[in-house]
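Visitor: Quick one: the structure is below, questions incoming.
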Amino acid sequence: MRKIKMILDCDPGHDDAIAIMMAGNNPKIDLLGITVVAGNQTLEKTGYNALNLCQYLNIDVPVCLGASEPLIKEIQVCPDIHGETGLDGFDFQELTKNFDNRPAVHFLAETVLKSEDKITIVTTGPMTNLAIALKLFPKMKDNIKEVVLMGGSYQNGNVTPAAEFNIYADPEAAYIVFNSGLEVKMFGLDVTRRVLVLPEVIERMEKIDNKASVLFSKLMKVYNINQNNVFGVAGGPLHDPLPVVYLIDPSVVDLTHVHCDIDISHSSSYGRTNCDIFNYLKLPKNVHVAIKVDTEKYWDIIEEGIKRYT
Ligand code: BDR
Ligand code: CA
């Protein structure tokens, strides 16, 4: 079977870290590189977090720095959930891995345009890098298989009543991607709020007792404390691995094809992913939205992924 050629665009981030872990050594995925964006923390911090994660997990792929701020709005980071470093809870050893010297946008364009197989792009942060790349290099669209993203919500948000963080952090970028004509699959809070890293999940992964399980456990314990402080939950939603887990086993999620409009009106719904789940508007369908997740399968795949790190 041909591997899925994939680029991961992210802003690590505790849950991004687990997405990197899942994509980094799965036999079904050929991870071509990691591009980083400002989001959960400043670009400098998310960039170093990505490098540290790759070095620790022996994931030998280029890590490229991207946008340090959104297209239009002011940057807004998320220390309440991810801490001052963006990845509080784990002490990495001295860093020897370096950034690839290509800017993320150039890496994205070059890799997509040169590839024999179509490329899958997974985004788990604000979509600034991809939006800029699509505007600068529109021919990329011909060689992108699909964009699979964590972001949005057809119900309520997590940074405003209406908006989810990744979309709210750069609504105009999301607008560009959602209206690009590409195959877009959205994994929003509707499903990621169903995969909670409850203490028993952490205990289960700790039993694996390898370097990945140690990282998982330390990061998730801090993530849960922060999630509990902000949202009052005993286990935080493990958002970002879901699109990667979907690529590993599409049966984990049910999707429905809808019209989805990103609110860029600067109203109180700025950054909302308005998904016409009931097809009221009879408008062209541009996004596949996840509506159901098999939680048991999700944790099984996460467990298998952690076990693969010896
Ligand atoms: C998203 O926001 C970030 O804080 C997480 O990393 C995730 O990508 C969830 O809304
Ligand atoms: Ca993220």
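Chain identifiers are assigned as A, B, and so on, following the order in which chains appear in the structure tokens; residues are numbered from 1 within each chain, and ligands are numbered from 1 in order of appearance.
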Return as a PyMOL selection string the residues of protein, DNA or RNA that approach ligand 1 to within 10 Å, with only C-alpha atoms and all ligand atoms taken into account.
Guide: chain A and resi 10-19+39-41+77-82+86+123-126+149-153+157-159+163-169+188-189+192-193+237-241
Visitor: Skipping near chain neighbours, those fewer than 4 positions away, what residues fall within 10 Å of Gly236 (chain A) using only C-alpha atoms, listed as a list in words?
Guide: Asp15, Ile81, Thr192, Arg193, Arg194, Val195, Leu196, Val197, Leu198, Pro199, Met220, Lys221, Tyr223, Asn224, Ile225, Asn226, Gln227, Asn228, Phe231 and Gly232 of chain A
Visitor: Within 7 Å of Pro70 (chain A), counting only C-alpha atoms, which residues show up once you throw out same-chain ones fewer than 3 positions away? Write them as a list in words, please.
Guide: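 The residues that qualify are Lys73, Glu74, Ile75, Thr128, Ala169 and Asp170 of chain A.
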Visitor: Select, from A:Trp299, A:Phe216, A:Tyr175, A:Phe187, the residue with the minimum atom-to-atom distance to Tyr270 (chain A), counting only C-alpha atoms.
Guide: A:Tyr175
Visitor: Please provide as a ChimeraX atom specification all residues within 12 Å of Cys64 (chain A), with the sequence filter that same-chain residues fewer than 5 positions apart are discarded (counting only C-alpha atoms).
Guide: /A:7-11,32-37,43-44,46-48,50-51,97-108,129
Visitor: Among region 11-255 of chain A, which ones does DSSP place in strand (DSSP E or B), written as a CSV table (one decimal) with N, CA, C and O atoms, in the first residue's frame?
Guide:
```csv
chain,number,residue,atom,x,y,z
A,29,ILE,N,2.0,6.5,7.0
A,29,ILE,CA,2.2,7.9,6.7
A,29,ILE,C,3.7,8.2,6.4
A,29,ILE,O,4.6,7.7,7.1
A,30,ASP,N,3.9,8.9,5.3
A,30,ASP,CA,5.2,9.4,5.0
A,30,ASP,C,5.2,10.9,5.3
A,30,ASP,O,4.7,11.7,4.6
A,31,LEU,N,5.7,11.2,6.5
A,31,LEU,CA,5.7,12.6,7.0
A,31,LEU,C,6.9,13.3,6.3
A,31,LEU,O,8.1,13.0,6.5
A,32,LEU,N,6.6,14.3,5.4
A,32,LEU,CA,7.6,14.9,4.6
A,32,LEU,C,8.2,16.1,5.3
A,32,LEU,O,9.3,16.5,5.0
A,33,GLY,N,7.5,16.7,6.2
A,33,GLY,CA,8.1,17.8,7.0
A,33,GLY,C,7.0,18.4,7.9
A,33,GLY,O,5.8,18.1,7.8
A,34,ILE,N,7.5,19.3,8.8
A,34,ILE,CA,6.7,19.9,9.7
A,34,ILE,C,6.9,21.4,9.5
A,34,ILE,O,8.0,21.9,9.5
A,35,THR,N,5.8,22.1,9.3
A,35,THR,CA,5.8,23.6,9.2
A,35,THR,C,5.2,24.2,10.4
A,35,THR,O,4.2,23.6,11.0
A,36,VAL,N,5.7,25.3,10.9
A,36,VAL,CA,5.3,25.8,12.2
A,36,VAL,C,4.7,27.2,12.0
A,36,VAL,O,5.2,28.0,11.2
A,63,VAL,N,12.0,20.8,9.7
A,63,VAL,CA,11.1,21.6,10.5
A,63,VAL,C,11.3,23.1,10.0
A,63,VAL,O,12.4,23.6,10.1
A,64,CYS,N,10.3,23.7,9.5
A,64,CYS,CA,10.4,25.0,8.8
A,64,CYS,C,9.5,26.0,9.6
A,64,CYS,O,8.4,25.8,9.9
A,65,LEU,N,10.1,27.2,9.8
A,65,LEU,CA,9.4,28.3,10.4
A,65,LEU,C,8.5,29.0,9.5
A,65,LEU,O,8.9,29.3,8.3
A,119,ILE,N,-0.3,15.5,-2.3
A,119,ILE,CA,0.1,15.6,-0.9
A,119,ILE,C,-1.1,15.9,0.0
A,119,ILE,O,-2.0,16.7,-0.4
A,120,THR,N,-1.1,15.3,1.2
A,120,THR,CA,-2.1,15.7,2.2
A,120,THR,C,-1.6,16.7,3.1
A,120,THR,O,-0.5,16.5,3.7
A,121,ILE,N,-2.3,17.7,3.4
A,121,ILE,CA,-1.8,18.7,4.3
A,121,ILE,C,-2.7,18.7,5.6
A,121,ILE,O,-3.9,18.8,5.5
A,122,VAL,N,-2.1,18.5,6.7
A,122,VAL,CA,-2.8,18.5,8.0
A,122,VAL,C,-2.4,19.8,8.7
A,122,VAL,O,-1.2,20.1,8.8
A,123,THR,N,-3.4,20.5,9.1
A,123,THR,CA,-3.1,21.7,9.9
A,123,THR,C,-3.8,21.5,11.3
A,123,THR,O,-4.9,21.1,11.5
A,144,ILE,N,-2.6,19.0,-4.3
A,144,ILE,CA,-2.9,18.7,-2.9
A,144,ILE,C,-4.1,17.8,-2.9
A,144,ILE,O,-5.1,18.0,-3.6
A,145,LYS,N,-3.9,16.6,-2.2
A,145,LYS,CA,-5.0,15.6,-2.2
A,145,LYS,C,-6.1,16.2,-1.3
A,145,LYS,O,-7.3,16.2,-1.7
A,146,GLU,N,-5.8,16.6,-0.1
A,146,GLU,CA,-6.8,17.2,0.7
A,146,GLU,C,-6.2,18.0,1.9
A,146,GLU,O,-5.0,17.8,2.2
A,147,VAL,N,-7.0,18.8,2.5
A,147,VAL,CA,-6.5,19.5,3.7
A,147,VAL,C,-7.4,19.0,4.8
A,147,VAL,O,-8.6,19.0,4.8
A,148,VAL,N,-6.7,18.4,5.8
A,148,VAL,CA,-7.4,17.8,6.9
A,148,VAL,C,-7.0,18.6,8.2
A,148,VAL,O,-5.8,18.7,8.5
A,149,LEU,N,-8.0,19.2,8.8
A,149,LEU,CA,-7.6,20.2,9.8
A,149,LEU,C,-8.3,20.0,11.1
A,149,LEU,O,-9.5,19.5,11.2
A,150,MET,N,-7.6,20.3,12.2
A,150,MET,CA,-8.3,20.5,13.5
A,150,MET,C,-8.6,22.0,13.6
A,150,MET,O,-7.7,22.8,13.6
A,184,VAL,N,-11.6,19.9,1.7
A,184,VAL,CA,-11.3,20.3,3.1
A,184,VAL,C,-12.1,19.4,4.0
A,184,VAL,O,-13.3,19.2,3.9
A,185,LYS,N,-11.4,18.8,5.0
A,185,LYS,CA,-12.0,18.0,6.0
A,185,LYS,C,-11.8,18.7,7.4
A,185,LYS,O,-10.6,18.9,7.8
A,186,MET,N,-12.9,19.0,8.1
A,186,MET,CA,-12.8,19.8,9.3
A,186,MET,C,-13.1,18.9,10.5
A,186,MET,O,-14.2,18.3,10.6
A,187,PHE,N,-12.1,18.8,11.4
A,187,PHE,CA,-12.4,18.1,12.7
A,187,PHE,C,-12.4,19.1,13.8
A,187,PHE,O,-11.4,19.6,14.2
A,196,LEU,N,-11.5,12.9,25.6
A,196,LEU,CA,-11.0,13.6,26.8
A,196,LEU,C,-9.8,12.7,27.4
A,196,LEU,O,-10.0,11.5,27.6
A,237,PRO,N,-9.7,18.0,26.2
A,237,PRO,CA,-9.9,17.3,24.8
A,237,PRO,C,-8.6,17.2,24.1
A,237,PRO,O,-7.9,18.2,24.0
A,253,VAL,N,-14.0,8.2,12.3
A,253,VAL,CA,-14.9,9.4,12.3
A,253,VAL,C,-15.9,9.4,11.2
A,253,VAL,O,-15.7,8.8,10.1
A,254,ASP,N,-17.1,9.9,11.5
A,254,ASP,CA,-18.1,10.1,10.4
A,254,ASP,C,-18.1,11.5,10.0
A,254,ASP,O,-18.1,12.4,10.8
A,255,LEU,N,-18.1,11.7,8.7
A,255,LEU,CA,-18.1,13.1,8.1
A,255,LEU,C,-19.4,13.4,7.4
A,255,LEU,O,-20.0,12.4,6.8
```
Visitor: Given only C-alpha atoms as the basis, pick out the residue of A:Glu69, A:Asp60, A:Asp261, A:Asp91 nearest to Ala38 (chain A).
Guide: A:Glu69
Visitor: Between A:Val293, A:Leu87, A:Met1, A:Leu57, which has the minimum distance to ligand 2 (counting only C-alpha atoms and all ligand atoms)?
Guide: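 Closest to ligand 2, using only C-alpha atoms and all ligand atoms: A:Leu87.
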Visitor: DSSP on the backbone: what in region 127-274 of chain A comes out helix (DSSP H, G or I), as a PyMOL selection string?
Guide: chain A and resi 128-136+138-143+165-169+171-178+189-192+199-206+211-231+241-248+250-252
Visitor: Hey, what's within 12 Å of Tyr309 (chain A) if we count only C-alpha atoms and toss same-chain stuff fewer than 4 positions away? As a short mmCIF file (atom, residue, chain, number, x, y, z; two decimals) with C-alpha atoms, in the first residue's frame, please?
Guide:
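Final output, out_3.cif:
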```
data_model
loop_
_atom_site.label_atom_id
_atom_site.label_comp_id
_atom_site.auth_asym_id
_atom_site.auth_seq_id
_atom_site.Cartn_x
_atom_site.Cartn_y
_atom_site.Cartn_z
CA MET A 21 4.06 11.76 17.75
CA MET A 22 1.29 9.99 15.81
CA ALA A 23 2.46 11.19 12.39
CA GLY A 24 6.16 10.65 13.09
CA ASN A 25 6.42 6.89 12.84
CA ASN A 26 3.21 5.45 11.45
CA TYR A 56 13.36 13.62 21.40
CA LEU A 57 11.24 11.24 19.33
CA ASN A 58 13.89 10.76 16.60
CA ILE A 59 11.61 12.09 13.90
CA ILE A 208 3.60 1.33 27.90
CA ASP A 209 6.66 2.75 29.65
CA ASN A 210 8.75 4.05 26.77
CA LYS A 211 10.04 7.52 25.87
CA ALA A 212 6.81 8.45 24.06
CA SER A 213 4.60 7.37 26.95
CA VAL A 214 6.73 9.39 29.39
CA LEU A 215 6.32 12.46 27.17
CA PHE A 216 2.59 11.82 26.80
CA ILE A 302 -3.03 6.53 20.10
CA GLU A 303 -1.87 3.60 22.25
CA GLU A 304 -0.52 1.71 19.19
CA GLY A 305 1.25 4.88 18.06
#
```
Visitor: Quick one: residues within 10 Å of Pro284 (chain A), only C-alpha atoms, excluding same-chain residues fewer than 6 positions away - as a PyMOL selection string?
Guide: chain A and resi 257-260
Visitor: Looking at only C-alpha atoms, which of A:Leu182, A:Leu242, A:Ala234, A:Leu71 is the one that sits closest to Glu200 (chain A)?
Guide: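 For Glu200 (chain A), the nearest of the candidates is A:Ala234.
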Visitor: With only C-alpha atoms as the atoms that count, which of A:Cys275, A:Leu219, A:Ile72, A:Val289 lies nearest to Pro171 (chain A)?
Guide: A:Ile72
Visitor: Could you jot down the CA of Val112 (chain A) to CA of Ser180 (chain A) separation for me, Å, one decimal place?
Guide: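 Between CA of Val112 (chain A) and CA of Ser180 (chain A) the gap is 15.7 Å.
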Visitor: Please identify all polymer residues within 8 Å of Lys218 (chain A), counting only C-alpha atoms, omitting same-chain residues fewer than 4 positions from it, and present them as a list in words.
Guide: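 Neighbouring residues, sequence-local ones excluded: Gly89, Phe90, Val214 and Val222 of chain A.
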